[in-house]
file run37.cif (mmCIF, C-alpha atoms)
data_target
#
loop_
_atom_site.label_atom_id
_atom_site.label_comp_id
_atom_site.auth_asym_id
_atom_site.auth_seq_id
_atom_site.Cartn_x
_atom_site.Cartn_y
_atom_site.Cartn_z
CA PRO A 1 19.37 -13.02 60.19
CA THR A 2 19.38 -15.06 56.98
CA GLN A 3 16.18 -15.14 54.97
CA SER A 4 15.30 -18.55 56.36
CA ASP A 5 15.69 -17.30 59.95
CA SER A 6 13.54 -14.21 59.39
CA GLU A 7 10.24 -14.05 61.25
CA GLU A 8 8.72 -11.78 58.61
CA GLN A 9 5.51 -13.24 57.18
CA VAL A 10 4.29 -12.37 53.69
CA GLY A 11 1.30 -14.70 53.37
CA GLY A 12 -0.24 -17.86 54.64
CA ASN A 13 -1.97 -18.46 57.95
CA MET A 14 -2.46 -15.16 59.76
CA ARG A 15 -4.67 -16.24 62.65
CA ILE A 16 -4.19 -19.78 63.95
CA GLU A 17 -1.40 -19.89 66.51
CA SER A 18 -1.13 -23.62 67.25
CA PHE A 19 -1.33 -26.99 65.51
CA ARG A 20 -3.69 -28.15 68.26
CA LYS A 21 -6.23 -25.46 67.35
CA ALA A 22 -5.75 -26.15 63.64
CA LYS A 23 -6.69 -29.80 64.12
CA ARG A 24 -10.02 -28.75 65.62
CA HIS A 25 -10.67 -26.53 62.59
CA VAL A 26 -9.98 -29.46 60.25
CA MET A 27 -12.90 -31.32 61.82
CA GLU A 28 -15.14 -28.29 61.15
CA ILE A 29 -14.00 -28.01 57.53
CA TYR A 30 -14.64 -31.69 56.85
CA LYS A 31 -17.99 -31.80 58.68
CA ASP A 32 -19.84 -32.85 55.50
CA LYS A 33 -17.00 -34.79 53.84
CA ARG A 34 -15.51 -37.05 56.46
CA GLU A 35 -13.11 -38.98 54.24
CA THR A 36 -9.41 -39.63 54.70
CA PHE A 37 -7.15 -38.09 52.07
CA TYR A 38 -5.01 -40.96 50.78
CA CYS A 39 -7.47 -43.83 51.11
CA GLY A 40 -10.96 -42.33 51.03
CA CYS A 41 -12.09 -44.12 54.20
CA THR A 42 -14.91 -42.49 56.14
CA PHE A 43 -14.46 -41.40 59.77
CA ASP A 44 -16.90 -40.23 62.43
CA GLU A 45 -17.01 -37.20 64.72
CA ASP A 46 -14.86 -39.10 67.24
CA LYS A 47 -12.17 -39.61 64.56
CA VAL A 48 -12.81 -43.35 64.38
CA VAL A 49 -12.09 -44.65 60.86
CA ASN A 50 -14.36 -47.15 59.12
CA LEU A 51 -11.68 -49.24 57.40
CA GLU A 52 -14.25 -51.37 55.58
CA SER A 53 -15.57 -48.27 53.79
CA CYS A 54 -12.48 -48.16 51.56
CA GLY A 55 -11.26 -51.75 51.72
CA TYR A 56 -8.31 -50.84 53.93
CA THR A 57 -6.17 -53.68 55.28
CA VAL A 58 -4.12 -53.02 58.42
CA ARG A 59 -0.42 -53.40 57.69
CA LYS A 60 0.84 -53.53 61.28
CA ASN A 61 -0.71 -51.04 63.72
CA LYS A 62 -4.40 -51.84 64.19
CA LYS A 63 -5.00 -49.25 66.90
CA ARG A 64 -3.52 -46.41 64.87
CA ALA A 65 -5.23 -47.58 61.67
CA ARG A 66 -8.60 -47.09 63.33
CA ARG A 67 -7.81 -43.48 64.22
CA MET A 68 -8.02 -40.43 61.97
CA GLU A 69 -5.02 -38.16 62.36
CA VAL A 70 -4.39 -34.75 60.84
CA GLU A 71 -1.35 -34.94 58.58
CA HIS A 72 0.96 -32.30 57.12
CA VAL A 73 1.11 -32.84 53.35
CA VAL A 74 4.35 -30.83 53.25
CA PRO A 75 6.07 -32.47 56.25
CA ALA A 76 6.85 -30.16 59.17
CA GLU A 77 10.51 -31.13 58.85
CA ALA A 78 10.55 -29.98 55.20
CA PHE A 79 10.05 -26.37 56.28
CA GLY A 80 11.09 -26.73 59.92
CA ARG A 81 14.75 -27.31 59.09
CA SER A 82 14.87 -23.82 57.58
CA PHE A 83 14.56 -22.49 61.14
CA LYS A 84 17.79 -22.18 63.10
CA ALA A 85 15.98 -23.23 66.28
CA TRP A 86 15.12 -26.56 64.64
CA ARG A 87 18.65 -27.16 63.37
CA GLU A 88 20.73 -25.83 66.25
CA GLY A 89 18.44 -25.05 69.15
CA HIS A 90 17.93 -21.74 70.94
CA PRO A 91 18.91 -20.28 74.36
CA ASP A 92 15.25 -20.56 75.42
CA CYS A 93 15.08 -24.25 74.53
CA VAL A 94 16.18 -25.75 77.82
CA THR A 95 14.29 -28.25 79.98
CA LYS A 96 13.64 -27.70 83.68
CA LYS A 97 16.57 -30.02 84.34
CA GLY A 98 18.85 -27.84 82.23
CA LYS A 99 19.04 -30.05 79.17
CA ARG A 100 19.11 -28.24 75.82
CA PHE A 101 16.85 -29.38 73.00
CA LYS A 102 16.26 -28.52 69.34
CA GLY A 103 14.06 -29.76 66.47
CA ARG A 104 10.33 -29.29 66.17
CA ARG A 105 9.79 -28.72 69.87
CA CYS A 106 12.28 -25.86 69.95
CA ALA A 107 11.04 -24.22 66.72
CA ARG A 108 7.50 -24.38 68.07
CA LYS A 109 8.55 -22.81 71.37
CA VAL A 110 10.46 -19.81 70.02
CA SER A 111 9.08 -19.05 66.55
CA LYS A 112 5.63 -17.57 65.94
CA LEU A 113 6.13 -18.04 62.21
CA PHE A 114 6.90 -21.74 62.61
CA ARG A 115 3.77 -22.19 64.73
CA ARG A 116 1.66 -20.54 62.03
CA MET A 117 3.24 -22.64 59.28
CA GLU A 118 2.66 -25.79 61.31
CA ALA A 119 -0.99 -24.75 61.78
CA ASP A 120 -1.66 -23.69 58.16
CA LEU A 121 -4.94 -25.37 57.26
CA TYR A 122 -4.17 -25.66 53.54
CA ASN A 123 -1.35 -28.07 54.38
CA LEU A 124 -3.45 -30.30 56.64
CA GLN A 125 -5.43 -33.36 55.54
CA PRO A 126 -7.26 -36.10 57.47
CA SER A 127 -5.33 -39.35 57.22
CA ILE A 128 -5.54 -42.89 58.55
CA GLY A 129 -3.16 -42.88 61.51
CA GLU A 130 -1.17 -45.89 60.30
CA VAL A 131 -0.59 -44.28 56.89
CA ASN A 132 0.41 -41.02 58.56
CA GLY A 133 2.94 -42.88 60.70
CA ASP A 134 4.33 -44.88 57.78
CA ARG A 135 4.57 -41.77 55.59
CA SER A 136 6.72 -40.02 58.23
CA ASN A 137 8.52 -37.10 56.51
CA TYR A 138 9.01 -38.86 53.16
CA SER A 139 8.85 -36.98 49.87
CA MET A 140 6.15 -37.31 47.21
CA GLU A 141 7.38 -39.33 44.24
CA GLU A 142 6.26 -41.86 41.64
CA ILE A 143 7.36 -45.36 42.62
CA PRO A 144 7.76 -48.16 40.04
CA GLY A 145 5.25 -50.99 40.39
CA GLU A 146 2.02 -51.10 42.34
CA ALA A 147 2.87 -52.75 45.66
CA ARG A 148 -0.18 -52.74 47.93
CA ALA A 149 0.49 -52.75 51.67
CA TYR A 150 -2.94 -51.42 52.70
CA GLY A 151 -5.45 -53.55 50.81
CA ALA A 152 -7.55 -51.55 48.34
CA CYS A 153 -6.01 -48.22 49.41
CA ASP A 154 -3.94 -46.90 46.50
CA VAL A 155 -0.89 -45.51 48.28
CA GLU A 156 2.67 -46.85 48.15
CA ILE A 157 5.30 -46.04 50.76
CA GLU A 158 8.80 -47.41 50.31
CA GLY A 159 12.41 -46.28 50.12
CA ARG A 160 11.62 -43.04 52.00
CA LYS A 161 9.12 -42.08 49.30
CA ILE A 162 5.34 -41.98 49.06
CA GLU A 163 3.25 -42.31 45.91
CA PRO A 164 -0.37 -41.09 46.28
CA LYS A 165 -3.26 -42.13 44.06
CA PRO A 166 -3.65 -40.14 40.79
CA SER A 167 -6.92 -38.47 41.85
CA ILE A 168 -5.24 -36.46 44.64
CA ARG A 169 -1.87 -35.71 43.03
CA GLY A 170 -3.02 -32.32 41.79
CA ASP A 171 -4.32 -31.48 45.28
CA ILE A 172 -0.88 -32.30 46.67
CA ALA A 173 0.93 -30.27 44.02
CA ARG A 174 -1.20 -27.23 44.70
CA ILE A 175 -0.64 -27.54 48.45
CA TYR A 176 3.15 -27.61 47.88
CA PHE A 177 2.97 -24.61 45.53
CA TYR A 178 0.77 -22.73 47.99
CA MET A 179 3.16 -23.34 50.91
CA ASP A 180 6.15 -22.35 48.77
CA ARG A 181 4.48 -19.09 47.76
CA ALA A 182 3.04 -18.25 51.18
CA TYR A 183 6.33 -18.89 53.00
CA PRO A 184 9.18 -18.08 50.58
CA GLY A 185 12.79 -18.92 51.32
CA ARG A 186 11.96 -22.15 53.13
CA GLY A 187 13.13 -24.57 50.42
CA ILE A 188 9.72 -26.21 50.09
CA VAL A 189 9.75 -26.72 46.29
CA GLY A 190 13.10 -27.23 44.58
CA LYS A 191 13.75 -27.62 40.84
CA LYS A 192 13.41 -31.40 40.75
CA ARG A 193 10.21 -31.44 42.78
CA ARG A 194 8.73 -28.57 40.78
CA ARG A 195 8.84 -30.69 37.61
CA ILE A 196 6.89 -33.60 39.04
CA LEU A 197 4.44 -31.35 40.90
CA SER A 198 3.75 -29.30 37.78
CA ALA A 199 2.90 -32.51 35.93
CA TRP A 200 0.61 -33.63 38.76
CA ASP A 201 -1.08 -30.21 38.79
CA ALA A 202 -1.84 -30.50 35.07
CA GLU A 203 -2.97 -34.15 35.19
CA ASP A 204 -5.36 -33.69 38.12
CA PRO A 205 -7.12 -30.29 37.82
CA ILE A 206 -8.75 -28.54 40.76
CA ASP A 207 -12.26 -29.79 41.61
CA ASP A 208 -15.29 -28.43 43.46
CA TRP A 209 -14.32 -29.94 46.82
CA GLU A 210 -10.88 -28.33 46.68
CA ARG A 211 -12.50 -24.96 46.09
CA THR A 212 -14.99 -25.47 48.90
CA ARG A 213 -12.24 -26.57 51.28
CA ALA A 214 -10.09 -23.58 50.33
CA ARG A 215 -12.96 -21.16 50.80
CA ARG A 216 -13.67 -22.50 54.28
CA MET A 217 -10.01 -22.36 55.21
CA SER A 218 -9.46 -18.81 54.00
CA GLN A 219 -12.40 -17.66 56.13
CA ILE A 220 -10.81 -19.21 59.21
CA GLN A 221 -7.14 -18.31 58.77
CA GLY A 222 -7.38 -15.13 56.73
CA GLU A 223 -5.55 -16.19 53.58
CA GLU A 224 -6.75 -16.45 50.02
CA THR A 225 -4.64 -18.07 47.33
CA PRO A 226 -4.94 -18.10 43.54
CA PHE A 227 -3.92 -21.76 43.45
CA PHE A 228 -7.38 -22.75 44.68
CA ALA A 229 -9.43 -20.14 42.85
CA ARG A 230 -9.15 -21.50 39.32
#

call {"tool": "encode", "arguments": {"input": "run37.cif", "output": "structure tokens"}}
result
Amino acid sequence: PTQSDSEEQVGGNMRIESFRKAKRHVMEIYKDKRETFYCGCTFDEDKVVNLESCGYTVRKNKKRARRMEVEHVVPAEAFGRSFKAWREGHPDCVTKKGKRFKGRRCARKVSKLFRRMEADLYNLQPSIGEVNGDRSNYSMEEIPGEARAYGACDVEIEGRKIEPKPSIRGDIARIYFYMDRAYPGRGIVGKKRRRILSAWDAEDPIDDWERTRARRMSQIQGEETPFFAR
């Protein structure tokens, strides 16, 4: 197999076998800091978001805006397309009616490594559902201007790009660098992206919460990373 189709794992999540289980762990990790990542809204143990707590204005989907969802900072598609099962399908990816399928569903079905990447806690953040949906699989960039679609929440999403607020850009950079190191050969950080992420890493240094979060995650999934130990 090519490097990208190899199931060999050199780092990363060694224990959590499904995204569903990972989402439960996220609630444990954030038990004393129930705030959404992009907007800083609080949420309760039932994942109901208090939009007033961060001045969030619903853009379109009120029901989803009120719900906390667990988001992949590095989109699943960004590493998923490195798996042949995602791109082309697999002999085991057939419905009961005999229809073949590919994409995320197929990669999840046949690849243990994909399931562990999808469930890697370092790459997961609590997000307002509407923002998660609008972000889709778009790349992290800096967008000219300061268009506000979500009230006081400082996040811009347009032209298949997302610009996060400055105070979390370093967090995002370190998550990308971690995923790229833990799962090499998956095309997670290319040359162009490395430049902007390196700048974000320098401009927004690691803080105490990032270290606490990383420590809790490493205890659960069995991985320690120098990116969060500075």

call {"tool": "resolve_selection", "arguments": {"input": "run37.cif", "expression": "the PyMOL selection byres ((chain A and resi 193) around 10)", "output": "PDB file with C-alpha atoms, keeping the file's coordinate frame"}}
result
ATOM      1  CA  SER A 139       8.850 -36.980  49.870  1.00  0.00           C
ATOM      2  CA  MET A 140       6.150 -37.310  47.210  1.00  0.00           C
ATOM      3  CA  GLU A 141       7.380 -39.330  44.240  1.00  0.00           C
ATOM      4  CA  ALA A 173       0.930 -30.270  44.020  1.00  0.00           C
ATOM      5  CA  TYR A 176       3.150 -27.610  47.880  1.00  0.00           C
ATOM      6  CA  ILE A 188       9.720 -26.210  50.090  1.00  0.00           C
ATOM      7  CA  VAL A 189       9.750 -26.720  46.290  1.00  0.00           C
ATOM      8  CA  GLY A 190      13.100 -27.230  44.580  1.00  0.00           C
ATOM      9  CA  LYS A 191      13.750 -27.620  40.840  1.00  0.00           C
ATOM     10  CA  LYS A 192      13.410 -31.400  40.750  1.00  0.00           C
ATOM     11  CA  ARG A 194       8.730 -28.570  40.780  1.00  0.00           C
ATOM     12  CA  ARG A 195       8.840 -30.690  37.610  1.00  0.00           C
ATOM     13  CA  ILE A 196       6.890 -33.600  39.040  1.00  0.00           C
ATOM     14  CA  LEU A 197       4.440 -31.350  40.900  1.00  0.00           C
ATOM     15  CA  SER A 198       3.750 -29.300  37.780  1.00  0.00           C
TER      16      SER A 198
END

call {"tool": "residues_around", "arguments": {"input": "run37.cif", "residues": "Ile143 of chain A", "least_positions_apart": "4", "cutoff": "8 Å", "atoms": "only C-alpha atoms", "output": "PyMOL selection string"}}
result
chain A and resi 156+161-163

call {"tool": "axis_aligned_box", "arguments": {"input": "run37.cif", "around": "segment 28-43 of chain A", "padding_each_side": "5 Å", "output": "JSON"}}
result
{"center_x": -12.4, "center_y": -36.1, "center_z": 56.0, "size_x": 24.8, "size_y": 26.1, "size_z": 20.4}

call {"tool": "resolve_selection", "arguments": {"input": "run37.cif", "expression": "the PyMOL selection byres ((chain A and resi 88-95) around 10)", "output": "PyMOL selection string"}}
result
chain A and resi 81+83-87+96-110

call {"tool": "closest_residue", "arguments": {"input": "run37.cif", "among": "A:Ser218, A:Ser18, A:Asn50, A:Asn137", "to": "Ala119 of chain A", "atoms": "only C-alpha atoms"}}
result
A:Ser18

call {"tool": "atom_distance", "arguments": {"input": "run37.cif", "atom1": "atom CA of Gln219 of chain A", "atom2": "atom CA of Val74 of chain A"}}
result
21.5 Å

call {"tool": "closest_residue", "arguments": {"input": "run37.cif", "among": "A:Met217, A:Met117, A:Ala182, A:Ile206", "to": "Gly11 of chain A", "atoms": "all atoms listed in the file"}}
result
A:Ala182

call {"tool": "closest_residue", "arguments": {"input": "run37.cif", "among": "A:Val131, A:Cys153, A:Leu121, A:Val48", "to": "Ile29 of chain A", "atoms": "all atoms listed in the file"}}
result
A:Leu121

call {"tool": "atom_distance", "arguments": {"input": "run37.cif", "atom1": "atom CA of Ser111 of chain A", "atom2": "atom CA of Ser6 of chain A"}}
result
9.7 Å

call {"tool": "build_atoms", "arguments": {"input": "run37.cif", "residues": "segment 16-37 of chain A", "atoms": "N, CA and C atoms", "output": "CSV table (one decimal), keeping the file's coordinate frame"}}
result
chain,number,residue,atom,x,y,z
A,16,ILE,N,-4.2,-18.6,63.1
A,16,ILE,CA,-4.2,-19.8,64.0
A,16,ILE,C,-2.8,-19.9,64.5
A,17,GLU,N,-2.7,-19.9,65.8
A,17,GLU,CA,-1.4,-19.9,66.5
A,17,GLU,C,-0.9,-21.2,67.0
A,18,SER,N,-1.6,-22.3,66.8
A,18,SER,CA,-1.1,-23.6,67.2
A,18,SER,C,-1.7,-24.7,66.4
A,19,PHE,N,-0.9,-25.8,66.2
A,19,PHE,CA,-1.3,-27.0,65.5
A,19,PHE,C,-2.5,-27.6,66.2
A,20,ARG,N,-2.6,-27.6,67.5
A,20,ARG,CA,-3.7,-28.2,68.3
A,20,ARG,C,-5.0,-27.5,67.9
A,21,LYS,N,-5.0,-26.2,67.8
A,21,LYS,CA,-6.2,-25.5,67.4
A,21,LYS,C,-6.6,-25.8,65.9
A,22,ALA,N,-5.5,-25.9,65.1
A,22,ALA,CA,-5.8,-26.2,63.6
A,22,ALA,C,-6.4,-27.5,63.5
A,23,LYS,N,-6.1,-28.5,64.2
A,23,LYS,CA,-6.7,-29.8,64.1
A,23,LYS,C,-8.2,-29.8,64.4
A,24,ARG,N,-8.6,-28.9,65.3
A,24,ARG,CA,-10.0,-28.8,65.6
A,24,ARG,C,-10.7,-28.1,64.4
A,25,HIS,N,-10.1,-27.2,63.8
A,25,HIS,CA,-10.7,-26.5,62.6
A,25,HIS,C,-10.8,-27.5,61.4
A,26,VAL,N,-9.9,-28.5,61.3
A,26,VAL,CA,-10.0,-29.5,60.2
A,26,VAL,C,-11.3,-30.3,60.4
A,27,MET,N,-11.7,-30.6,61.6
A,27,MET,CA,-12.9,-31.3,61.8
A,27,MET,C,-14.1,-30.5,61.4
A,28,GLU,N,-14.1,-29.2,61.6
A,28,GLU,CA,-15.1,-28.3,61.2
A,28,GLU,C,-15.2,-28.3,59.6
A,29,ILE,N,-14.1,-28.1,59.0
A,29,ILE,CA,-14.0,-28.0,57.5
A,29,ILE,C,-14.5,-29.3,56.8
A,30,TYR,N,-14.2,-30.4,57.4
A,30,TYR,CA,-14.6,-31.7,56.8
A,30,TYR,C,-16.0,-32.2,57.4
A,31,LYS,N,-16.8,-31.4,58.0
A,31,LYS,CA,-18.0,-31.8,58.7
A,31,LYS,C,-18.9,-32.5,57.7
A,32,ASP,N,-18.9,-32.2,56.4
A,32,ASP,CA,-19.8,-32.8,55.5
A,32,ASP,C,-19.1,-33.7,54.5
A,33,LYS,N,-17.8,-33.9,54.7
A,33,LYS,CA,-17.0,-34.8,53.8
A,33,LYS,C,-15.9,-35.5,54.7
A,34,ARG,N,-16.4,-36.4,55.5
A,34,ARG,CA,-15.5,-37.0,56.5
A,34,ARG,C,-14.9,-38.2,55.8
A,35,GLU,N,-13.9,-37.9,55.0
A,35,GLU,CA,-13.1,-39.0,54.2
A,35,GLU,C,-11.6,-38.7,54.4
A,36,THR,N,-10.9,-39.8,54.6
A,36,THR,CA,-9.4,-39.6,54.7
A,36,THR,C,-8.8,-39.4,53.3
A,37,PHE,N,-7.7,-38.6,53.3
A,37,PHE,CA,-7.2,-38.1,52.1
A,37,PHE,C,-6.6,-39.2,51.1
